[in-house]
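Structure data follow from upload.txt (compact mmCIF, C-alpha atoms):
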# COMPACT_ATOMS: atom_id res chain seq x y z
CA MET A 1 0.00 0.00 0.00
CA SER A 2 1.46 3.36 -1.02
CA GLU A 3 1.71 6.32 1.31
CA LEU A 4 2.19 10.01 0.55
CA ARG A 5 5.10 11.48 2.51
CA VAL A 6 5.91 15.18 2.68
CA PHE A 7 9.52 16.36 2.96
CA THR A 8 9.78 19.71 4.75
CA LEU A 9 12.65 22.19 4.49
CA PRO A 10 15.17 21.28 7.22
CA ASP A 11 17.50 23.57 9.15
CA VAL A 12 20.78 23.01 7.30
CA GLY A 13 22.77 25.37 9.47
CA GLU A 14 22.73 26.74 13.00
CA GLY A 15 19.34 28.26 13.67
CA LEU A 16 18.60 29.28 10.06
CA THR A 17 14.99 30.30 9.53
CA GLU A 18 14.57 30.26 5.75
CA ALA A 19 16.14 29.34 2.43
CA GLU A 20 15.73 30.06 -1.28
CA ILE A 21 14.92 27.26 -3.70
CA LEU A 22 17.63 27.54 -6.35
CA ARG A 23 17.02 24.48 -8.53
CA TRP A 24 14.95 21.34 -8.55
CA HIS A 25 16.68 18.17 -9.80
CA VAL A 26 13.42 16.21 -10.09
CA ARG A 27 9.90 16.66 -11.39
CA PRO A 28 6.57 14.99 -10.63
CA GLY A 29 6.62 11.40 -11.80
CA ASP A 30 10.36 10.87 -11.29
CA VAL A 31 11.45 7.87 -9.25
CA VAL A 32 13.83 8.69 -6.40
CA ARG A 33 15.86 6.67 -3.94
CA VAL A 34 16.89 7.46 -0.41
CA ASN A 35 19.71 10.06 -0.42
CA ASP A 36 19.14 11.10 -4.05
CA MET A 37 19.79 14.86 -4.29
CA VAL A 38 16.44 16.40 -5.17
CA VAL A 39 16.87 20.16 -4.69
CA GLU A 40 19.54 22.83 -4.34
CA ILE A 41 18.84 25.62 -1.87
CA GLU A 42 20.66 28.76 -0.79
CA THR A 43 20.67 29.93 2.78
CA ALA A 44 22.35 32.91 4.34
CA LYS A 45 25.32 30.62 4.96
CA ALA A 46 25.86 28.42 1.90
CA SER A 47 24.49 26.79 -1.22
CA VAL A 48 23.49 23.25 -0.27
CA GLU A 49 21.93 20.21 -1.96
CA LEU A 50 19.31 18.29 0.02
CA PRO A 51 19.00 14.50 -0.15
CA CYS A 52 15.61 12.83 -0.22
CA PRO A 53 14.81 10.83 2.95
CA TYR A 54 12.22 8.68 1.15
CA ALA A 55 12.23 6.20 -1.73
CA GLY A 56 9.35 6.38 -4.15
CA THR A 57 7.80 8.57 -6.85
CA VAL A 58 7.74 12.37 -6.81
CA ASP A 59 4.10 13.39 -6.40
CA GLU A 60 4.31 17.17 -6.16
CA LEU A 61 6.76 20.08 -5.88
CA HIS A 62 5.27 22.56 -3.44
CA VAL A 63 7.66 25.46 -4.04
CA ALA A 64 8.84 27.08 -7.27
CA GLU A 65 12.45 27.97 -8.01
CA GLY A 66 13.39 31.43 -6.79
CA MET A 67 10.98 31.37 -3.85
CA ILE A 68 12.11 31.89 -0.24
CA VAL A 69 10.40 29.58 2.24
CA PRO A 70 10.64 29.18 6.03
CA VAL A 71 12.28 26.16 7.62
CA GLY A 72 9.63 23.48 8.19
CA SER A 73 7.61 24.34 5.07
CA PRO A 74 6.56 21.44 2.78
CA ILE A 75 8.73 21.46 -0.34
CA ILE A 76 8.14 18.08 -2.01
CA SER A 77 5.79 15.11 -1.67
CA ILE A 78 6.96 11.54 -2.32
CA ARG A 79 4.60 8.60 -2.80
CA THR A 80 6.31 5.61 -1.20
CA ALA A 81 5.68 1.95 -1.85
CA ASP A 82 5.04 1.25 1.84
CA SER A 83 4.88 3.10 5.14
CA SER A 84 8.58 2.79 5.95
CA PRO A 85 10.62 5.90 5.10
CA ALA A 86 13.48 3.80 3.75
CA ALA A 87 14.70 0.27 3.49
CA SER A 88 16.44 -0.87 6.66
CA ASN A 89 19.71 -1.47 4.85
CA GLU A 90 19.91 2.09 3.46
CA ARG A 91 21.66 4.93 5.24
CA GLN A 92 19.43 7.71 6.53
CA SER A 93 20.06 11.26 5.34
CA VAL A 94 21.96 13.63 7.55
CA LEU A 95 20.35 16.94 6.64
CA VAL A 96 22.03 19.38 8.99
CA GLY A 97 25.21 20.55 7.28
CA TYR A 98 24.88 17.70 4.76
CA GLY A 99 27.34 19.33 2.42
CA VAL A 100 27.81 21.90 -0.27
CA ARG A 101 27.28 21.18 -3.91
CA THR A 102 30.51 20.27 -5.71
CA ASP A 103 29.24 18.98 -9.06
CA ALA A 104 26.18 19.18 -11.28
CA SER A 105 24.30 17.30 -13.94
CA VAL A 106 25.19 18.15 -17.52
CA THR A 107 21.79 19.54 -18.47
CA ARG A 108 18.80 21.03 -16.81
CA ARG A 109 15.78 19.17 -18.01
CA ALA A 110 12.35 20.64 -18.66
CA ARG A 111 9.98 20.74 -15.72
CA ARG A 112 6.23 20.30 -15.50
CA ALA A 113 4.70 22.86 -13.16
CA PRO A 114 2.97 21.35 -10.12
CA ASP A 115 -0.78 22.02 -9.95
CA GLY A 116 -1.54 25.61 -9.12
CA MET A 117 2.08 26.73 -9.30
CA ALA A 118 3.83 28.48 -12.17
CA ALA A 119 7.17 26.96 -13.05
CA PRO A 120 10.00 28.90 -14.70
CA ALA A 121 10.72 28.33 -18.34
CA PRO A 122 13.17 25.50 -18.92
CA VAL A 123 16.67 26.68 -19.74
CA PRO A 124 19.46 24.28 -20.67
CA GLU A 125 22.69 24.79 -18.80
CA ARG A 126 25.63 23.13 -20.47
CA GLU A 127 28.33 22.45 -17.92
CA ASP A 128 31.81 21.10 -18.11
CA PRO A 129 31.91 18.14 -15.66
CA ALA A 130 35.56 18.93 -14.93
CA VAL A 131 34.72 22.48 -13.96
CA GLY A 132 31.21 22.19 -12.55
CA ARG A 133 28.23 24.49 -12.73
CA ALA A 134 28.60 27.95 -14.22
CA ARG A 135 29.28 30.31 -11.33
CA ALA A 136 26.77 33.11 -10.79
CA LYS A 137 24.74 34.71 -8.03
CA PRO A 138 21.11 33.59 -7.64
CA LEU A 139 19.76 36.84 -9.07
CA VAL A 140 21.98 36.44 -12.13
CA ARG A 141 20.78 32.84 -12.55
CA LYS A 142 17.16 33.95 -12.43
CA LEU A 143 17.90 36.76 -14.90
CA ALA A 144 19.42 34.20 -17.29
CA ARG A 145 16.37 31.93 -16.92
CA ASP A 146 13.98 34.82 -17.59
CA LEU A 147 15.93 35.83 -20.70
CA GLY A 148 16.40 32.27 -21.94
CA ILE A 149 20.18 32.51 -21.71
CA ASP A 150 22.36 29.42 -21.20
CA LEU A 151 24.80 30.41 -18.44
CA GLY A 152 27.27 27.81 -19.70
CA SER A 153 27.58 29.72 -22.96
CA VAL A 154 28.23 33.10 -21.33
CA THR A 155 31.81 34.33 -20.95
CA PRO A 156 32.26 35.37 -17.30
CA SER A 157 33.86 38.69 -16.42
CA GLY A 158 33.45 38.65 -12.64
CA GLN A 159 36.42 39.18 -10.36
CA HIS A 160 36.35 35.54 -9.28
CA GLY A 161 35.33 34.00 -12.60
CA GLU A 162 31.59 34.31 -12.06
CA VAL A 163 29.00 35.32 -14.64
CA THR A 164 27.70 38.81 -13.87
CA ARG A 165 24.42 40.52 -14.70
CA ALA A 166 26.22 42.61 -17.33
CA ASP A 167 27.52 39.40 -18.95
CA VAL A 168 23.99 38.00 -19.21
CA MET A 169 22.61 41.27 -20.61
CA ARG A 170 25.38 41.38 -23.22
CA ALA A 171 24.62 37.81 -24.19
CA SER A 172 20.95 38.70 -24.64
CA GLY A 173 21.74 41.73 -26.77
CA GLY A 174 20.45 44.00 -24.04
CA GLU A 175 16.95 43.98 -25.54
CA ALA A 176 14.84 42.07 -23.05
CA THR A 177 13.74 43.13 -19.59
CA PRO A 178 13.57 40.27 -17.08
CA ALA A 179 10.43 39.67 -15.07
CA ALA A 180 12.44 39.70 -11.85
CA ILE A 181 13.74 43.23 -12.46
CA SER A 182 10.98 45.74 -13.03
CA ALA A 183 10.97 49.43 -13.77
CA ALA A 184 10.49 51.63 -10.74
CA PRO A 185 10.00 55.38 -10.48
CA SER A 186 13.02 57.37 -9.43
CA PRO A 187 13.76 61.05 -8.82
CA GLY A 188 13.42 63.09 -11.99
CA GLY A 189 10.79 60.77 -13.46
CA HIS A 190 13.30 58.39 -15.02
CA ALA A 191 12.73 54.64 -14.80
CA GLY A 192 15.08 52.73 -12.56
CA GLU A 193 15.69 49.11 -11.72
CA ARG A 194 14.14 47.20 -8.86
CA ILE A 195 16.24 44.23 -7.76
CA SER A 196 15.01 41.73 -5.21
CA VAL A 197 17.20 41.39 -2.13
CA ARG A 198 17.89 37.70 -1.63
CA GLY A 199 20.32 35.20 -0.16
CA VAL A 200 23.59 36.51 1.23
CA GLN A 201 22.72 40.17 0.54
CA ARG A 202 19.47 39.89 2.49
CA ALA A 203 21.16 38.12 5.38
CA MET A 204 23.96 40.69 5.44
CA ALA A 205 21.49 43.58 5.40
CA ASP A 206 19.49 42.10 8.29
CA ALA A 207 22.67 41.40 10.27
CA MET A 208 24.07 44.89 9.75
CA VAL A 209 20.82 46.58 10.80
CA GLN A 210 20.60 44.34 13.85
CA SER A 211 24.21 45.09 14.76
CA ALA A 212 24.05 48.85 14.14
CA PHE A 213 20.91 49.31 16.24
CA THR A 214 21.68 46.97 19.14
CA ALA A 215 25.41 47.43 19.78
CA PRO A 216 26.79 50.93 20.46
CA HIS A 217 29.76 51.06 18.10
CA VAL A 218 33.01 52.86 18.83
CA THR A 219 35.80 52.98 16.23
CA GLU A 220 39.45 53.82 16.88
CA TRP A 221 42.27 53.85 14.36
CA VAL A 222 46.03 54.02 14.24
CA ASP A 223 48.67 54.33 11.50
CA VAL A 224 51.40 51.69 11.52
CA ASP A 225 54.89 51.76 10.02
CA MET A 226 54.99 48.42 8.18
CA ALA A 227 58.70 48.50 7.18
CA ARG A 228 59.79 45.76 9.60
CA ALA A 229 56.66 43.75 8.88
CA MET A 230 57.41 43.80 5.15
CA GLU A 231 60.95 42.52 5.87
CA VAL A 232 59.50 39.65 7.90
CA LEU A 233 57.06 38.85 5.08
CA SER A 234 59.93 38.73 2.60
CA LYS A 235 61.80 36.22 4.78
CA LEU A 236 58.67 34.12 5.29
CA ARG A 237 58.05 33.92 1.55
CA GLU A 238 61.56 32.57 1.02
CA HIS A 239 61.19 29.87 3.67
CA PRO A 240 60.56 26.31 2.33
CA SER A 241 57.53 25.87 4.60
CA SER A 242 55.81 28.72 2.74
CA ALA A 243 55.98 27.08 -0.68
CA ASN A 244 52.73 27.55 -2.67
CA LEU A 245 51.37 29.90 0.01
CA ARG A 246 50.33 33.52 -0.43
CA ILE A 247 52.08 35.23 2.44
CA SER A 248 50.47 38.67 2.51
CA PRO A 249 50.36 41.50 5.06
CA MET A 250 46.90 40.25 6.05
CA ILE A 251 48.51 37.17 7.61
CA LEU A 252 50.55 39.28 10.00
CA VAL A 253 47.53 41.47 10.78
CA ALA A 254 45.51 38.33 11.49
CA ALA A 255 48.26 37.04 13.78
CA GLY A 256 48.34 40.39 15.58
CA LEU A 257 44.57 40.38 16.06
CA VAL A 258 44.60 36.83 17.44
CA ARG A 259 47.40 37.74 19.88
CA ALA A 260 45.43 40.81 21.04
CA ALA A 261 42.34 38.64 21.60
CA VAL A 262 44.40 36.32 23.79
CA GLU A 263 45.87 39.24 25.74
CA GLN A 264 42.52 41.04 26.08
CA PRO A 265 39.92 38.22 26.25
CA ILE A 266 37.04 40.67 26.54
CA ILE A 267 37.36 41.58 22.83
CA ASN A 268 36.74 37.89 22.02
CA SER A 269 33.31 37.75 23.62
CA THR A 270 29.55 37.93 23.08
CA TRP A 271 26.91 40.07 24.79
CA VAL A 272 23.87 37.95 25.67
CA ASP A 273 20.46 39.28 26.73
CA THR A 274 18.29 36.94 28.82
CA PRO A 275 15.04 37.39 30.80
CA GLU A 276 17.16 37.25 33.95
CA GLY A 277 19.48 39.99 32.69
CA ALA A 278 22.42 40.50 30.37
CA HIS A 279 25.78 38.75 30.63
CA VAL A 280 28.98 38.53 28.61
CA VAL A 281 30.38 35.21 27.39
CA LEU A 282 34.17 35.02 27.11
CA HIS A 283 35.03 32.50 24.40
CA ARG A 284 37.71 29.92 25.15
CA ASP A 285 38.89 29.78 21.52
CA VAL A 286 39.69 32.62 19.16
CA ASN A 287 37.68 31.69 16.06
CA LEU A 288 38.96 34.24 13.58
CA GLY A 289 36.44 35.35 10.95
CA ILE A 290 37.88 36.49 7.62
CA ALA A 291 35.62 38.67 5.47
CA ALA A 292 35.81 37.29 1.91
CA ASP A 293 34.49 38.85 -1.31
CA THR A 294 32.88 35.97 -3.22
CA PRO A 295 30.54 35.51 -6.19
CA ARG A 296 27.70 35.01 -3.68
CA GLY A 297 28.51 38.25 -1.88
CA LEU A 298 30.40 39.00 1.30
CA LEU A 299 30.92 35.88 3.40
CA VAL A 300 32.74 35.57 6.72
CA PRO A 301 34.06 32.02 7.20
CA SER A 302 36.08 31.48 10.36
CA ILE A 303 39.28 29.70 11.37
CA LYS A 304 38.56 27.72 14.48
CA ALA A 305 41.06 27.89 17.37
CA ALA A 306 43.29 30.30 15.42
CA SER A 307 45.41 31.05 18.50
CA ALA A 308 46.85 27.53 18.30
CA LEU A 309 48.34 28.17 14.83
CA GLY A 310 51.76 29.51 13.93
CA ILE A 311 52.23 32.12 11.21
CA VAL A 312 52.66 29.64 8.34
CA ASP A 313 49.79 27.41 9.48
CA LEU A 314 47.60 30.49 9.87
CA ALA A 315 48.49 31.56 6.32
CA ARG A 316 47.60 28.10 5.05
CA ALA A 317 44.27 28.16 6.90
CA VAL A 318 43.38 31.64 5.63
CA GLN A 319 44.22 30.71 2.03
CA LEU A 320 42.16 27.51 2.17
CA LEU A 321 39.25 29.28 3.83
CA ILE A 322 39.05 32.05 1.23
CA GLU A 323 39.51 29.69 -1.72
CA THR A 324 36.77 27.41 -0.39
CA ALA A 325 34.37 30.32 0.14
CA ARG A 326 35.00 31.77 -3.33
CA ALA A 327 34.51 28.38 -4.95
CA GLY A 328 31.12 28.05 -3.24
CA ARG A 329 32.21 25.07 -1.15
CA ALA A 330 32.05 26.69 2.30
CA THR A 331 29.84 24.68 4.63
CA PRO A 332 27.47 26.12 7.25
CA ALA A 333 30.03 25.05 9.86
CA ASP A 334 32.69 27.15 8.07
CA LEU A 335 30.40 30.17 8.05
CA THR A 336 29.32 30.07 11.68
CA GLY A 337 31.04 30.15 15.04
CA GLY A 338 33.31 33.17 14.48
CA THR A 339 34.16 35.15 17.63
CA ILE A 340 36.11 38.11 16.17
CA THR A 341 36.55 39.33 12.58
CA LEU A 342 39.20 40.78 10.28
CA THR A 343 38.23 42.60 7.09
CA ASN A 344 40.77 43.68 4.47
CA ILE A 345 39.50 46.80 2.73
CA GLY A 346 43.00 47.69 1.56
CA VAL A 347 42.64 45.26 -1.37
CA PHE A 348 40.06 47.67 -2.81
CA GLY A 349 42.46 50.62 -2.58
CA ILE A 350 40.87 52.00 0.60
CA ASP A 351 42.90 53.59 3.39
CA GLY A 352 40.56 52.94 6.31
CA GLY A 353 36.97 52.75 7.48
CA THR A 354 34.55 52.14 10.34
CA PRO A 355 33.54 48.46 10.09
CA ILE A 356 30.24 47.25 11.58
CA LEU A 357 30.32 44.37 14.03
CA ASN A 358 29.08 40.95 13.07
CA PRO A 359 26.12 40.10 15.32
CA GLY A 360 27.27 38.10 18.32
CA GLN A 361 30.78 39.59 18.27
CA THR A 362 32.22 42.54 20.17
CA ALA A 363 35.13 43.56 17.92
CA ILE A 364 36.09 43.78 14.25
CA LEU A 365 39.36 45.02 12.75
CA ALA A 366 39.70 46.64 9.33
CA MET A 367 43.08 46.92 7.60
CA GLY A 368 43.67 49.52 4.89
CA ARG A 369 46.09 49.64 1.99
CA ILE A 370 49.84 50.11 2.49
CA LEU A 371 51.16 53.37 1.02
CA ASP A 372 54.53 55.10 1.15
CA ARG A 373 54.01 58.14 3.38
CA PRO A 374 56.17 60.69 5.19
CA TRP A 375 57.26 59.25 8.56
CA VAL A 376 59.63 60.59 11.18
CA VAL A 377 62.49 58.18 11.93
CA ASP A 378 65.30 59.27 14.29
CA GLY A 379 64.34 62.90 13.76
CA HIS A 380 64.32 62.70 9.97
CA VAL A 381 61.31 62.61 7.64
CA VAL A 382 61.55 59.57 5.38
CA ALA A 383 59.19 57.59 3.18
CA ARG A 384 57.83 54.50 4.96
CA PRO A 385 55.15 51.92 4.05
CA VAL A 386 52.25 52.90 6.30
CA MET A 387 48.94 51.13 6.91
CA GLN A 388 45.90 52.27 8.86
CA LEU A 389 44.13 49.89 11.26
CA SER A 390 40.54 50.57 12.38
CA LEU A 391 39.04 48.71 15.35
CA SER A 392 35.28 48.88 15.96
CA PHE A 393 33.96 47.47 19.23
CA ASP A 394 30.79 47.12 21.28
CA HIS A 395 31.00 49.83 23.94
CA ARG A 396 28.66 47.89 26.24
CA VAL A 397 31.40 45.29 26.62
CA ILE A 398 34.67 47.03 25.77
CA ASP A 399 35.55 50.38 27.25
CA GLY A 400 37.82 52.87 25.53
CA ALA A 401 40.88 51.92 27.54
CA THR A 402 40.57 48.21 26.73
CA GLY A 403 39.83 48.86 23.05
CA SER A 404 42.84 51.18 22.87
CA ARG A 405 45.12 48.60 24.49
CA ALA A 406 43.96 45.94 22.04
CA LEU A 407 44.54 48.17 19.00
CA ARG A 408 47.92 49.30 20.36
CA SER A 409 48.91 45.64 20.85
CA ILE A 410 48.18 44.88 17.19
CA ALA A 411 50.07 47.96 16.03
CA ASP A 412 53.10 47.14 18.20
CA PHE A 413 53.18 43.58 16.85
CA LEU A 414 53.14 44.83 13.25
CA GLY A 415 55.82 47.41 14.08
CA ASP A 416 58.29 44.57 14.73
CA PRO A 417 56.72 41.10 14.31
CA ALA A 418 60.05 39.24 14.56
CA LEU A 419 60.87 40.77 17.93
CA ALA A 420 57.36 40.11 19.23
CA LEU A 421 57.50 36.46 18.20
CA VAL A 422 60.94 35.99 19.76
CA ILE A 423 59.75 37.51 23.06
CA GLU A 424 56.65 35.34 22.94
CA ALA A 425 58.78 32.20 22.39
CA VAL A 426 61.05 33.11 25.31
CA ASP A 427 58.06 33.72 27.61
CA ARG A 428 56.73 30.28 26.79
As structure tokens, please, write out the structure in this file.
Amino acid sequence: MSELRVFTLPDVGEGLTEAEILRWHVRPGDVVRVNDMVVEIETAKASVELPCPYAGTVDELHVAEGMIVPVGSPIISIRTADSSPAASNERQSVLVGYGVRTDASVTRRARRAPDGMAAPAPVPEREDPAVGRARAKPLVRKLARDLGIDLGSVTPSGQHGEVTRADVMRASGGEATPAAISAAPSPGGHAGERISVRGVQRAMADAMVQSAFTAPHVTEWVDVDMARAMEVLSKLREHPSSANLRISPMILVAAGLVRAAVEQPIINSTWVDTPEGAHVVLHRDVNLGIAADTPRGLLVPSIKAASALGIVDLARAVQLLIETARAGRATPADLTGGTITLTNIGVFGIDGGTPILNPGQTAILAMGRILDRPWVVDGHVVARPVMQLSLSFDHRVIDGATGSRALRSIADFLGDPALALVIEAVDR
């Protein structure tokens, strides 16, 4: 006797409340087995494929591609052959953090719209199995679907090899207007564009508003002479242990921030409001978040227990973390659990800024670009490579004196990293 089973959207991260349906891999009438990947979703943390917990025939797709649905909502119905969710000798799905998509089928097949639900027009996506799915943000994918453009045929021009909106519009000849982007009135009576806020951008916007209006931010900054730091970097790059590693100034800044968090544990903490009153949690590990510019938007994966790593191991961890995030392989575990953050705005040619805290953290450090500037050395004005550091912190938790000591600690480390590391080794 068959039974209709409904698969609801699970929480694939830590406390996520919703997700966007990116792509269905099945249609009504398809036969599926336990653990067959049936749908790709995007959360605020990662792009993830979900395995089916039931074996049977797809009866109905409850949600169209491009829709955002809350966790717990029905997304697909499976008609099973009997009442058991799976044969006893088959492994059950592990849905939380099941994994990030690493490959894709060669074509996207046509879909039949479930009853009462409009399905998007079928668009073939030719993909190179050795490379994987064409890289693009969800809004760009939807734009391509609306215009009937095969993303696999579009030459990407994005900074990280992703297909951009401009690429899709060029491929379409710039003649069509997608359904997802509609004209909107703007000052002066000219038509403008209205772009839906989804995925990472929506999550980032919510987080920044929450942070800005709950934590009283204070930002301090200091200029640092990076001459000795650049000498240390040069030596590190020549060392055999650094082969195939990008040893950049950010690695030394990261090391300085981790050391400051160990010296001043209060900057590695979380403010918690409870019905009984507020308290501050001091984290045992320094889980260093690294802000990364990716095709999906700004992501902040974190290096767990960063204080246990030496300079070279930290460089290796940072490089792997950023490469994984930019390739779209960061897992929800990678993107959660950070306790303090470093953001490198210098790579965009910016001198400094006032970064906003990530919710749940009490400090974030921004590093600017390194420029030759006038600097007084032994009474003489000389040109020195100078970088500005900006530390924002939650003034409920960190007072001005503590924030200043933390920032000064980072600056002193960068002023002479070799000496600081030698002193640290002796103290141990």
Considering all atoms listed in the file, can you say which of A:Leu421, A:Ala366, A:Leu147, A:Met387 comes closest to Thr343 (chain A)?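 Nearest candidate to Thr343 (chain A) out of A:Leu421, A:Ala366, A:Leu147, A:Met387: A:Ala366.
Residue nearest Ile350 (chain A) within the list A:Leu389, A:Ala333, A:Ala315, A:Ala325: A:Leu389 [criterion: smallest interatomic distance, only C-alpha atoms].
Picture a line from CA of Pro28 (chain A) to CA of Asp59 (chain A); it runs 5.2 Å.
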Which one of A:Val218, A:Met226, A:Val63, A:Ala411 sits closest to Ala255 (chain A) if you count only C-alpha atoms?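 With only C-alpha atoms as the atom set, the closest residue is A:Ala411.
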Let me make sure I understand: among A:Arg396, A:Arg5, A:His62, A:Arg326, which one has the smallest atom-to-atom distance to Trp24 (chain A) if we use only C-alpha atoms?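 So, comparing all the options, the nearest one is A:His62.
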May I have the residues within 12 Å of Glu263 (chain A) as a PyMOL selection string, using all atoms listed in the file and disregarding those fewer than 2 positions away in the same chain? chain A and resi 256-261+265-268+286+307+402-403+405-410+424
Long-range neighbours of Asn358 (chain A) as number ranges by chain, 9 Å cut-off, all atoms listed in the file, 5 positions minimum in chain: A: 207-208, 211, 338-341, 363-364
Please compute the CA of Pro301 (chain A)-CA of Pro332 (chain A) distance, one decimal, in Å.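 One can read the CA of Pro301 (chain A) to CA of Pro332 (chain A) distance as 8.8 Å.
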Name the residues, using the chain letters and numbers of the file, that sit within 6 Å of (44.9, 55.0, 6.4) when counting only C-alpha atoms, and give them as a ChimeraX atom specification. /A:351-352,368,387-388
What separation in Å, quoted to one decimal, exists between CA of Glu323 (chain A) and CA of Leu236 (chain A)?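 Atom-to-atom, CA of Glu323 (chain A) and CA of Leu236 (chain A) are spaced 20.9 Å apart.
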Nearest to Pro240 (chain A), chosen from A:Val376, A:Val312, A:Leu357, A:Val382, with only C-alpha atoms counted in the distances: A:Val312
Every residue with an atom at most 7 Å from (31.4, 32.3, 3.8) (file coordinates; all atoms listed in the file) is what I'm after, so could you write them as JSON, numbers by chain? {"A": [45, 292, 299, 300, 301, 325, 330, 334, 335]}
Return as AutoDock Vina command-line options the box centre and box size in Å, one decimal, for an axis-aligned box around all listed atoms of region 372-376 of chain A padded by 6 Å per side.
--center_x 56.8 --center_y 57.9 --center_z 6.2 --size_x 17.6 --size_y 17.6 --size_z 22.0
